[in-house]
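my_file11.pdb (PDB, C-alpha atoms and all ligand atoms)
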```
ATOM      1  CA  MET A 193      78.253  47.962 122.201
ATOM      2  CA  THR A 194      79.598  48.004 125.746
ATOM      3  CA  ASP A 195      81.130  51.356 126.694
ATOM      4  CA  ILE A 196      78.916  54.326 127.526
ATOM      5  CA  LEU A 197      80.060  57.808 128.514
ATOM      6  CA  MET A 198      77.720  59.501 130.990
ATOM      7  CA  PRO A 199      78.913  63.123 131.227
ATOM      8  CA  VAL A 200      76.338  64.228 133.814
ATOM      9  CA  ARG A 201      74.737  62.501 136.768
ATOM     10  CA  LEU A 202      71.416  60.873 135.827
ATOM     11  CA  SER A 203      69.102  59.194 138.314
ATOM     12  CA  GLU A 204      70.030  55.816 139.789
ATOM     13  CA  THR A 205      66.971  54.323 138.061
ATOM     14  CA  VAL A 206      68.738  55.067 134.758
ATOM     15  CA  ILE A 207      72.277  54.223 135.839
ATOM     16  CA  THR A 208      71.488  50.869 137.486
ATOM     17  CA  PRO A 209      69.882  49.110 134.482
ATOM     18  CA  LEU A 210      72.493  50.527 132.104
ATOM     19  CA  GLN A 211      75.328  49.382 134.392
ATOM     20  CA  SER A 212      73.874  45.883 134.516
ATOM     21  CA  ARG A 213      74.416  45.545 130.740
ATOM     22  CA  TYR A 214      77.156  48.024 129.781
ATOM     23  CA  THR A 215      80.257  49.705 131.171
ATOM     24  CA  VAL A 216      79.191  53.195 132.231
ATOM     25  CA  HIS A 217      81.998  55.768 132.491
ATOM     26  CA  ARG A 218      80.921  58.513 134.924
ATOM     27  CA  LEU A 219      82.616  61.637 133.674
ATOM     28  CA  TRP A 220      81.043  63.866 136.310
ATOM     29  CA  GLU A 221      82.858  61.989 139.081
ATOM     30  CA  ALA A 222      86.317  62.462 137.525
ATOM     31  CA  GLN A 223      88.703  64.854 139.298
ATOM     32  CA  ASN A 224      90.394  65.616 135.968
ATOM     33  CA  GLN A 225      87.751  65.316 133.248
ATOM     34  CA  GLN A 226      90.170  65.841 130.344
ATOM     35  CA  ALA A 227      92.494  63.092 131.551
ATOM     36  CA  PHE A 228      89.475  60.827 132.154
ATOM     37  CA  LEU A 229      88.225  61.485 128.623
ATOM     38  CA  ASN A 230      91.645  60.850 127.117
ATOM     39  CA  ASP A 231      91.755  57.544 128.932
ATOM     40  CA  VAL A 232      88.345  56.223 127.763
ATOM     41  CA  ALA A 233      87.886  58.070 124.423
ATOM     42  CA  SER A 234      88.922  55.204 122.148
ATOM     43  CA  ARG A 235      86.344  52.841 123.740
ATOM     44  CA  ILE A 236      83.211  55.021 123.917
ATOM     45  CA  GLU A 237      80.398  53.893 121.616
ATOM     46  CA  ALA A 238      77.488  55.771 123.184
ATOM     47  CA  ILE A 239      76.849  58.890 125.244
ATOM     48  CA  VAL A 240      73.854  58.942 127.579
ATOM     49  CA  THR A 241      73.119  62.469 128.710
ATOM     50  CA  ALA A 242      70.465  65.041 129.675
ATOM     51  CA  GLY A 243      69.919  68.748 130.107
ATOM     52  CA  ALA A 244      70.591  70.262 133.530
ATOM     53  CA  ILE A 245      67.130  69.664 134.900
ATOM     54  CA  LEU A 246      67.337  65.876 134.561
ATOM     55  CA  ALA A 247      71.023  65.813 135.502
ATOM     56  CA  HIS A 248      71.041  67.123 139.069
ATOM     57  CA  GLY A 249      71.721  70.688 137.859
ATOM     58  CA  MET A 250      74.782  69.751 135.793
ATOM     59  CA  SER A 251      75.203  71.241 132.319
ATOM     60  CA  PHE A 252      77.228  69.582 129.588
ATOM     61  CA  ALA A 253      77.446  70.399 125.883
ATOM     62  CA  THR A 254      77.757  67.385 123.592
ATOM     63  CA  ASP A 255      79.379  69.302 120.770
ATOM     64  CA  ASP A 256      81.268  68.523 117.588
ATOM     65  CA  ALA A 257      84.644  68.846 119.339
ATOM     66  CA  LEU A 258      83.691  66.084 121.798
ATOM     67  CA  MET A 259      82.362  63.850 119.017
ATOM     68  CA  ALA A 260      85.658  64.319 117.159
ATOM     69  CA  ARG A 261      87.495  62.876 120.185
ATOM     70  CA  LEU A 262      85.418  59.678 120.275
ATOM     71  CA  PRO A 263      86.224  57.623 117.159
ATOM     72  CA  LYS A 264      83.800  54.765 117.962
ATOM     73  CA  LEU A 265      80.854  56.959 118.983
ATOM     74  CA  LYS A 266      77.643  55.805 117.267
ATOM     75  CA  LEU A 267      74.821  56.895 119.579
ATOM     76  CA  ILE A 268      73.924  59.917 121.717
ATOM     77  CA  ALA A 269      70.848  59.116 123.791
ATOM     78  CA  ASN A 270      69.201  62.089 125.491
ATOM     79  CA  HIS A 271      66.987  61.822 128.560
ATOM     80  CA  GLY A 272      64.259  64.347 127.759
ATOM     81  CA  VAL A 273      62.500  65.571 124.647
ATOM     82  CA  GLY A 274      64.541  68.788 124.403
ATOM     83  CA  TYR A 275      68.050  68.093 123.118
ATOM     84  CA  ASP A 276      69.424  71.625 122.828
ATOM     85  CA  THR A 277      72.630  70.621 124.664
ATOM     86  CA  ILE A 278      73.500  68.250 121.790
ATOM     87  CA  ASP A 279      74.770  69.439 118.410
ATOM     88  CA  ALA A 280      72.418  67.154 116.481
ATOM     89  CA  PRO A 281      73.290  68.443 112.980
ATOM     90  CA  ALA A 282      76.985  67.773 113.723
ATOM     91  CA  ALA A 283      76.127  64.286 114.954
ATOM     92  CA  ALA A 284      74.025  63.574 111.850
ATOM     93  CA  ALA A 285      76.884  64.754 109.633
ATOM     94  CA  ARG A 286      79.174  62.276 111.395
ATOM     95  CA  GLY A 287      76.662  59.417 111.059
ATOM     96  CA  ILE A 288      76.053  59.392 114.814
ATOM     97  CA  MET A 289      72.479  58.617 115.858
ATOM     98  CA  VAL A 290      70.769  60.947 118.379
ATOM     99  CA  THR A 291      67.650  59.882 120.265
ATOM    100  CA  ASN A 292      65.343  61.731 122.675
ATOM    101  CA  THR A 293      62.194  60.879 124.661
ATOM    102  CA  PRO A 294      59.193  62.443 122.883
ATOM    103  CA  ASP A 295      55.471  61.560 123.142
ATOM    104  CA  VAL A 296      55.565  59.980 126.606
ATOM    105  CA  LEU A 297      55.746  63.447 128.212
ATOM    106  CA  THR A 298      53.422  65.345 125.869
ATOM    107  CA  ASP A 299      50.287  65.293 128.010
ATOM    108  CA  GLU A 300      52.126  65.945 131.297
ATOM    109  CA  THR A 301      53.867  68.975 129.848
ATOM    110  CA  ALA A 302      50.660  70.257 128.248
ATOM    111  CA  ASP A 303      48.895  69.886 131.626
ATOM    112  CA  THR A 304      51.672  71.948 133.216
ATOM    113  CA  ALA A 305      51.302  74.612 130.539
ATOM    114  CA  PHE A 306      47.581  74.842 131.074
ATOM    115  CA  GLY A 307      48.017  74.899 134.852
ATOM    116  CA  LEU A 308      50.308  77.873 134.341
ATOM    117  CA  VAL A 309      47.727  79.551 132.086
ATOM    118  CA  LEU A 310      45.011  79.248 134.760
ATOM    119  CA  ASN A 311      47.296  80.180 137.642
ATOM    120  CA  THR A 312      48.748  83.188 135.862
ATOM    121  CA  VAL A 313      45.565  84.630 134.376
ATOM    122  CA  ARG A 314      43.337  83.908 137.392
ATOM    123  CA  GLU A 315      46.112  84.522 139.983
ATOM    124  CA  PHE A 316      45.304  81.435 142.089
ATOM    125  CA  PRO A 317      48.751  81.205 143.756
ATOM    126  CA  ALA A 318      48.650  84.896 144.709
ATOM    127  CA  SER A 319      45.076  84.644 145.987
ATOM    128  CA  GLU A 320      46.042  81.597 148.053
ATOM    129  CA  ARG A 321      48.940  83.554 149.577
ATOM    130  CA  TYR A 322      46.394  86.312 150.342
ATOM    131  CA  LEU A 323      44.159  83.862 152.240
ATOM    132  CA  ARG A 324      47.095  82.365 154.164
ATOM    133  CA  ALA A 325      48.263  85.849 155.140
ATOM    134  CA  GLY A 326      44.872  86.518 156.749
ATOM    135  CA  GLU A 327      44.002  89.302 154.308
ATOM    136  CA  TRP A 328      40.614  87.890 153.278
ATOM    137  CA  ALA A 329      38.996  89.068 156.543
ATOM    138  CA  HIS A 330      39.772  92.658 155.552
ATOM    139  CA  ALA A 331      38.729  92.596 151.885
ATOM    140  CA  PRO A 332      38.028  90.121 149.103
ATOM    141  CA  TYR A 333      40.893  89.323 146.746
ATOM    142  CA  ARG A 334      40.937  91.623 143.719
ATOM    143  CA  LEU A 335      39.133  90.656 140.505
ATOM    144  CA  THR A 336      41.371  89.069 137.888
ATOM    145  CA  ALA A 337      41.490  88.726 134.122
ATOM    146  CA  SER A 338      39.416  85.920 132.583
ATOM    147  CA  LEU A 339      39.859  83.224 129.947
ATOM    148  CA  ARG A 340      36.521  84.145 128.402
ATOM    149  CA  ASN A 341      36.687  85.378 124.783
ATOM    150  CA  LYS A 342      40.459  85.136 124.671
ATOM    151  CA  THR A 343      42.869  83.869 122.039
ATOM    152  CA  MET A 344      45.783  81.622 122.958
ATOM    153  CA  GLY A 345      48.758  81.909 120.600
ATOM    154  CA  ILE A 346      51.032  78.876 120.474
ATOM    155  CA  LEU A 347      54.613  79.555 119.477
ATOM    156  CA  GLY A 348      55.762  76.155 118.208
ATOM    157  CA  LEU A 349      52.861  73.893 117.232
ATOM    158  CA  GLY A 350      54.591  70.521 117.608
ATOM    159  CA  ARG A 351      53.325  67.591 119.631
ATOM    160  CA  ILE A 352      53.279  69.506 122.926
ATOM    161  CA  GLY A 353      51.945  72.698 121.300
ATOM    162  CA  LYS A 354      49.048  70.747 119.791
ATOM    163  CA  ALA A 355      48.230  69.124 123.156
ATOM    164  CA  ILE A 356      48.163  72.599 124.746
ATOM    165  CA  ALA A 357      45.902  73.844 121.936
ATOM    166  CA  LYS A 358      43.506  70.940 122.570
ATOM    167  CA  ARG A 359      43.277  71.926 126.231
ATOM    168  CA  GLY A 360      42.743  75.561 125.236
ATOM    169  CA  GLU A 361      39.872  74.596 122.928
ATOM    170  CA  ALA A 362      38.237  72.635 125.757
ATOM    171  CA  PHE A 363      38.297  75.857 127.805
ATOM    172  CA  GLY A 364      36.663  77.821 124.970
ATOM    173  CA  LEU A 365      39.814  79.670 123.881
ATOM    174  CA  LYS A 366      40.412  80.592 120.264
ATOM    175  CA  ILE A 367      43.756  79.212 119.049
ATOM    176  CA  ALA A 368      46.372  80.676 116.702
ATOM    177  CA  TYR A 369      49.960  79.617 116.072
ATOM    178  CA  CYS A 370      53.361  80.482 114.705
ATOM    179  CA  GLY A 371      56.077  78.064 113.648
ATOM    180  CA  ARG A 372      58.722  77.445 111.035
ATOM    181  CA  ASN A 373      55.989  76.631 108.494
ATOM    182  CA  LYS A 374      52.225  76.791 108.060
ATOM    183  CA  GLN A 375      50.906  73.260 108.623
ATOM    184  CA  ALA A 376      48.618  72.049 105.824
ATOM    185  CA  ASP A 377      46.453  69.893 108.120
ATOM    186  CA  VAL A 378      45.959  72.536 110.827
ATOM    187  CA  ALA A 379      42.939  74.862 110.696
ATOM    188  CA  TYR A 380      44.119  77.357 113.353
ATOM    189  CA  PRO A 381      45.161  80.771 111.957
ATOM    190  CA  PHE A 382      48.898  80.894 111.215
ATOM    191  CA  TYR A 383      51.160  83.913 111.846
ATOM    192  CA  ASP A 384      54.584  84.061 110.279
ATOM    193  CA  SER A 385      56.425  85.755 113.168
ATOM    194  CA  PRO A 386      56.314  85.696 116.977
ATOM    195  CA  ARG A 387      55.536  89.414 116.888
ATOM    196  CA  ALA A 388      52.522  88.981 114.572
ATOM    197  CA  LEU A 389      51.251  86.119 116.771
ATOM    198  CA  ALA A 390      51.719  88.194 119.934
ATOM    199  CA  GLN A 391      49.764  91.039 118.334
ATOM    200  CA  ALA A 392      46.889  88.658 117.554
ATOM    201  CA  CYS A 393      46.601  86.839 120.895
ATOM    202  CA  ASP A 394      45.960  87.424 124.607
ATOM    203  CA  ILE A 395      47.977  84.516 125.989
ATOM    204  CA  LEU A 396      51.235  83.660 124.233
ATOM    205  CA  VAL A 397      52.418  80.125 125.065
ATOM    206  CA  ILE A 398      55.976  79.142 124.119
ATOM    207  CA  ALA A 399      56.291  75.476 123.118
ATOM    208  CA  ALA A 400      59.123  75.606 120.552
ATOM    209  CA  PRO A 401      62.522  73.899 120.851
ATOM    210  CA  GLY A 402      65.495  75.691 122.402
ATOM    211  CA  GLY A 403      68.844  76.185 120.690
ATOM    212  CA  ALA A 404      70.672  78.757 118.603
ATOM    213  CA  GLN A 405      67.846  79.185 116.068
ATOM    214  CA  THR A 406      65.265  80.241 118.641
ATOM    215  CA  ARG A 407      67.451  82.166 121.082
ATOM    216  CA  ASN A 408      65.657  85.291 122.397
ATOM    217  CA  ILE A 409      62.904  85.120 119.755
ATOM    218  CA  VAL A 410      60.551  86.513 122.394
ATOM    219  CA  ASP A 411      62.136  89.931 122.827
ATOM    220  CA  ALA A 412      61.060  93.434 123.844
ATOM    221  CA  GLN A 413      59.203  93.978 120.558
ATOM    222  CA  VAL A 414      57.212  90.751 120.925
ATOM    223  CA  LEU A 415      56.306  91.677 124.511
ATOM    224  CA  GLN A 416      55.259  95.148 123.349
ATOM    225  CA  ALA A 417      53.026  93.495 120.741
ATOM    226  CA  LEU A 418      51.483  91.204 123.393
ATOM    227  CA  GLY A 419      50.484  94.347 125.253
ATOM    228  CA  PRO A 420      49.303  95.387 128.723
ATOM    229  CA  THR A 421      46.471  92.823 128.912
ATOM    230  CA  GLY A 422      48.585  89.996 127.493
ATOM    231  CA  PHE A 423      50.159  87.045 129.312
ATOM    232  CA  LEU A 424      53.301  85.060 128.482
ATOM    233  CA  ILE A 425      53.575  81.360 129.368
ATOM    234  CA  ASN A 426      56.820  79.406 128.831
ATOM    235  CA  ILE A 427      57.120  75.629 129.256
ATOM    236  CA  ALA A 428      59.793  75.146 126.571
ATOM    237  CA  ARG A 429      63.251  76.593 127.231
ATOM    238  CA  GLY A 430      64.270  79.830 128.952
ATOM    239  CA  SER A 431      66.652  80.565 126.093
ATOM    240  CA  LEU A 432      63.736  81.525 123.824
ATOM    241  CA  VAL A 433      63.025  84.608 125.938
ATOM    242  CA  ASP A 434      65.094  87.742 126.411
ATOM    243  CA  GLU A 435      64.792  87.549 130.194
ATOM    244  CA  ALA A 436      66.029  91.100 130.855
ATOM    245  CA  ALA A 437      63.363  92.403 128.460
ATOM    246  CA  LEU A 438      60.709  90.234 130.150
ATOM    247  CA  ILE A 439      61.612  91.441 133.636
ATOM    248  CA  ALA A 440      61.512  95.061 132.434
ATOM    249  CA  ALA A 441      58.158  94.477 130.660
ATOM    250  CA  LEU A 442      56.589  92.984 133.806
ATOM    251  CA  HIS A 443      57.808  95.834 136.003
ATOM    252  CA  ALA A 444      56.590  98.443 133.506
ATOM    253  CA  GLY A 445      53.201  96.787 132.893
ATOM    254  CA  THR A 446      54.049  96.338 129.219
ATOM    255  CA  ILE A 447      52.428  92.896 129.626
ATOM    256  CA  ALA A 448      49.963  91.775 132.315
ATOM    257  CA  GLY A 449      51.788  88.726 133.662
ATOM    258  CA  ALA A 450      53.941  85.677 133.020
ATOM    259  CA  GLY A 451      53.908  82.010 133.977
ATOM    260  CA  LEU A 452      57.330  80.385 133.656
ATOM    261  CA  ASP A 453      58.376  76.771 134.122
ATOM    262  CA  VAL A 454      61.762  77.317 132.469
ATOM    263  CA  PHE A 455      64.637  79.780 132.737
ATOM    264  CA  ALA A 456      67.778  80.572 130.759
ATOM    265  CA  GLN A 457      69.924  79.306 133.650
ATOM    266  CA  GLU A 458      68.668  76.327 135.621
ATOM    267  CA  PRO A 459      68.514  75.700 138.475
ATOM    268  CA  HIS A 460      70.345  78.965 139.266
ATOM    269  CA  PHE A 461      67.743  81.186 137.594
ATOM    270  CA  GLU A 462      67.861  84.978 137.414
ATOM    271  CA  LYS A 463      66.872  86.025 140.951
ATOM    272  CA  ALA A 464      65.435  89.336 139.721
ATOM    273  CA  PHE A 465      62.345  87.276 138.773
ATOM    274  CA  LEU A 466      61.529  86.901 142.476
ATOM    275  CA  ALA A 467      60.751  90.592 142.778
ATOM    276  CA  VAL A 468      58.718  90.853 139.591
ATOM    277  CA  PRO A 469      54.941  91.388 139.951
ATOM    278  CA  ASN A 470      52.281  89.123 138.402
ATOM    279  CA  THR A 471      54.427  86.070 137.821
ATOM    280  CA  VAL A 472      53.978  82.397 138.580
ATOM    281  CA  LEU A 473      57.362  80.663 138.734
ATOM    282  CA  LEU A 474      57.843  76.883 138.662
ATOM    283  CA  PRO A 475      61.112  74.903 138.983
ATOM    284  CA  HIS A 476      60.946  73.190 135.541
ATOM    285  CA  VAL A 477      58.367  70.589 136.549
ATOM    286  CA  GLY A 478      56.726  70.191 133.118
ATOM    287  CA  SER A 479      57.243  66.430 132.928
ATOM    288  CA  ALA A 480      57.963  65.856 136.600
ATOM    289  CA  SER A 481      55.422  63.220 137.608
ATOM    290  CA  VAL A 482      56.413  59.749 138.798
ATOM    291  CA  GLU A 483      54.642  58.047 135.885
ATOM    292  CA  THR A 484      55.954  60.308 133.150
ATOM    293  CA  ARG A 485      59.564  60.327 134.333
ATOM    294  CA  LYS A 486      59.442  56.518 134.510
ATOM    295  CA  ALA A 487      58.125  56.377 130.926
ATOM    296  CA  MET A 488      60.906  58.751 129.799
ATOM    297  CA  GLU A 489      63.563  56.618 131.503
ATOM    298  CA  ASP A 490      62.146  53.430 129.969
ATOM    299  CA  LEU A 491      62.255  55.022 126.503
ATOM    300  CA  LEU A 492      65.807  56.302 127.001
ATOM    301  CA  ILE A 493      66.991  52.820 128.004
ATOM    302  CA  ALA A 494      64.982  51.138 125.221
ATOM    303  CA  ASN A 495      66.759  53.353 122.685
ATOM    304  CA  VAL A 496      70.176  52.360 124.064
ATOM    305  CA  ASP A 497      69.246  48.653 124.148
ATOM    306  CA  ALA A 498      67.846  48.734 120.602
ATOM    307  CA  PHE A 499      70.979  50.378 119.283
ATOM    308  CA  ALA A 500      73.252  47.986 121.157
ATOM    309  CA  ALA A 501      71.344  45.025 119.734
ATOM    310  CA  GLY A 502      71.669  46.386 116.185
ATOM    311  CA  ARG A 503      67.951  47.182 115.921
ATOM    312  CA  ALA A 504      66.458  50.498 114.806
ATOM    313  CA  VAL A 505      66.195  53.005 117.651
ATOM    314  CA  LEU A 506      62.664  53.914 118.711
ATOM    315  CA  THR A 507      62.829  57.695 118.704
ATOM    316  CA  PRO A 508      65.574  59.259 116.556
ATOM    317  CA  VAL A 509      65.566  63.072 116.486
ATOM    318  CA  PRO A 510      64.477  64.602 113.147
ATOM    319  CA  GLU A 511      68.044  65.547 112.153
ATOM    320  CA  CYS A 512      69.030  61.875 112.274
ATOM    321  CA  GLN A 513      65.913  60.585 110.535
ATOM    322  CA  LEU A 514      67.247  62.338 107.428
ATOM    323  CA  ALA A 515      70.795  61.114 107.902
ATOM    324  CA  ARG A 516      72.291  57.873 106.655
ATOM    325  CA  PRO A 517      72.087  55.165 109.337
ATOM    326  CA  PRO A 518      75.476  54.767 111.026
ATOM    327  CA  ALA A 519      77.561  51.705 110.263
ATOM    328  CA  GLN A 520      77.113  49.024 112.959
TER     329      GLN A 520
HETATM  330  C1  LIG A 601      62.509  67.800 128.414
HETATM  331  O1  LIG A 601      62.186  66.616 128.329
HETATM  332  O2  LIG A 601      63.176  68.375 127.570
HETATM  333  C2  LIG A 601      61.992  68.547 129.574
HETATM  334  O3  LIG A 601      62.278  69.885 129.513
HETATM  335  C3  LIG A 601      62.458  67.944 130.863
HETATM  336  O4  LIG A 601      61.313  67.681 131.563
END
```
Render the structure in this file as structure tokens.
Ligand code: DGY
Amino acid sequence: MTDILMPVRLSETVITPLQSRYTVHRLWEAQNQQAFLNDVASRIEAIVTAGAILAHGMSFATDDALMARLPKLKLIANHGVGYDTIDAPAAAARGIMVTNTPDVLTDETADTAFGLVLNTVREFPASERYLRAGEWAHAPYRLTASLRNKTMGILGLGRIGKAIAKRGEAFGLKIAYCGRNKQADVAYPFYDSPRALAQACDILVIAAPGGAQTRNIVDAQVLQALGPTGFLINIARGSLVDEAALIAALHAGTIAGAGLDVFAQEPHFEKAFLAVPNTVLLPHVGSASVETRKAMEDLLIANVDAFAAGRAVLTPVPECQLARPPAQ
């Protein structure tokens, strides 16, 4: 395998090692992307891509129509665990392997989620702004909600959800969850809908994958069920939340607060969030440490190298674990 299509700009630490071994076609630099694609389509054997946050703000959908244009395509390697910009079922149906970068970012992302829990419930960023503004001399910062005797509901109890639950247990929180299925080896109470989970918990943490199946599953009714003392934390994808409903719920006091690391549009997020009370907003930094991003890049490249050498890839996405291996 020699020819790789890179639709979006990844970091130089990804491009340089790939370029040393393969021909990398940089679609994002092309003046006329359709003409560029027409020119290279017959040679492309792999796509190396990422969601906007790891691609300098560029968005690109690797959909069935694109796959249909690339007759030799055998691998789509995603930088990042979330691969909602790739039509993985379509790839699997075509015998194209899709890989992502799970596990190496689990703890970093769970740390970010729990940082958001503490900062949102205990209002540390707001109380710091209070100190810096010189307000402390006039009156102490107001009392906040507490983590004591609270239940954390995890929406999506996968690898990252479980790591968040572990942190919650260490802080004395009760844990409950909702997902596609009840997990036989998990003792936490299971709820069969986001609304039922929201009703049963104080802090609802979203850790489920993005994509068409989960779009807006946290809507006005779920927020209503979470209630005026409830908090919403999202470290997954902004697309899971009806953002207009969330902004309205925060203004109305329908819920107590929200901590968000992700937004429906990134990096050009809905600016109405800036004026919303009781929110902690982060620029999608869930996995953004030097060590973790390096581990993600190494895994991305290892998947490409394994595939090119005819070995099994390290981390195929679940859709492709079920599919027939592509012909080499
Ligand atoms: C991912 O890996 O999907 C993250 O959202 C990027 O840090």
(request) State, in Å with one decimal place, the distance from CA of Gly272 in chain A to CA of Pro294 in chain A. (result)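 Between these atoms lies a distance of 7.3 Å.
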(request) Write out as a list in words each polymer residue whose atoms come within 6 Å of Ile425 in chain A, counting all atoms listed in the file; drop sequence neighbours fewer than 5 positions from it. (result) Val397, Ala450, Gly451 and Leu452 of chain A
(request) Could you pull out the residues sitting within 6 Å of ligand LIG 601 (chain A), using all atoms listed in the file, and write them as a list in words? (result)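 Those within range of ligand LIG 601 (chain A) are Gly272, Val273, Gly274, Gly478 and Ser479 of chain A.
Applied to this file, the PyMOL selection byres (((chain A and resi 420) around 8) and not hetatm) selects the residues Leu418, Gly419, Thr421, Gly422, Gly445, Thr446, Ile447 and Ala448 of chain A.
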(request) For each of A:Ile239, A:Ala379, A:Ala284, A:Ala227, take the minimum atom-to-atom distance to Gln513 in chain A, counting all atoms listed in the file, then give the residue where this is smallest. (result)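 Under the stated criterion, the closest residue is A:Ala284.
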(message) I'd like the interatomic distance between CA of Asn341 in chain A and CA of Val472 in chain A, to a tenth of an Å.
(response) 22.3 Å
(request) Grab the CA of Gly360 in chain A to CA of Ala388 in chain A distance for me, in Å with one decimal place. (result)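 So the answer is 19.7 Å.
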(message) Using all atoms listed in the file, which protein or nucleic acid residues come within 12 Å of Arg261 in chain A? Drop anything in the same chain fewer than 6 positions from it, and give the result as a count of residues only.
(response) 12
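Residue nearest Leu219 in chain A, chosen from A:Val505, A:Arg387, A:Glu204, A:Phe252 and counting all atoms listed in the file: A:Phe252.
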(request) Give me the result of the PyMOL selection byres (((chain A and resi 260) around 12) and not hetatm) on this file, residue by residue, as a ChimeraX atom specification. (result) /A:233-234,236,254-259,261-266,282-283,285-288
Return as CSV the residues of range 242-268 of chain A lying at most 12 Å from range 428-440 of chain A, together with the closest atom-to-atom pair for each and the distance in Å to one decimal, counting all atoms listed in the file, with rows in chain order and ascending residue number.
```
residue,atom,partner,partner_atom,distance
A:Gly243,CA,A:Arg429,CA,10.7
A:Ala244,CA,A:Arg429,CA,11.6
A:Ile245,CA,A:Arg429,CA,11.0
```
(request) Choose the residue, out of A:Pro508, A:Gly326, A:Gly348, A:Gly249, that has the smallest atom-to-atom separation from Arg201 in chain A; count only C-alpha atoms. (result)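 Closest to Arg201 in chain A, using only C-alpha atoms: A:Gly249.
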(request) I need the residue set behind the PyMOL selection byres (((chain A and resi 468) around 9) and not hetatm) for this file; please write it as a PyMOL selection string. (result) chain A and resi 439-440+442-443+464-467+469-471
(message) Ranking A:Met344, A:Gln457, A:Ala487, A:Leu323 by minimum distance to Gly364 in chain A and counting all atoms listed in the file, which one comes first?
(response)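 Smallest distance to Gly364 in chain A is found for A:Met344.
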(request) Please provide the set of residues having any atom within 10 Å of Gly350 in chain A, restricted to only C-alpha atoms, with same-chain residues fewer than 6 positions apart removed, written as a ChimeraX atom specification. (result) /A:298,356,371,399-401
Give the centre and edge lengths of an axis-aligned box, in Å to one decimal, that holds all listed atoms of range 414-418 of chain A with 3 Å on each side, as JSON.
```
{"center_x": 54.3, "center_y": 92.9, "center_z": 122.6, "size_x": 11.7, "size_y": 10.4, "size_z": 9.8}
```
(request) Go through A:Ile367, A:Val206, A:Ile346, A:Ala498 and flag the residue nearest Thr241 in chain A, using all atoms listed in the file for the distances. (result) A:Val206
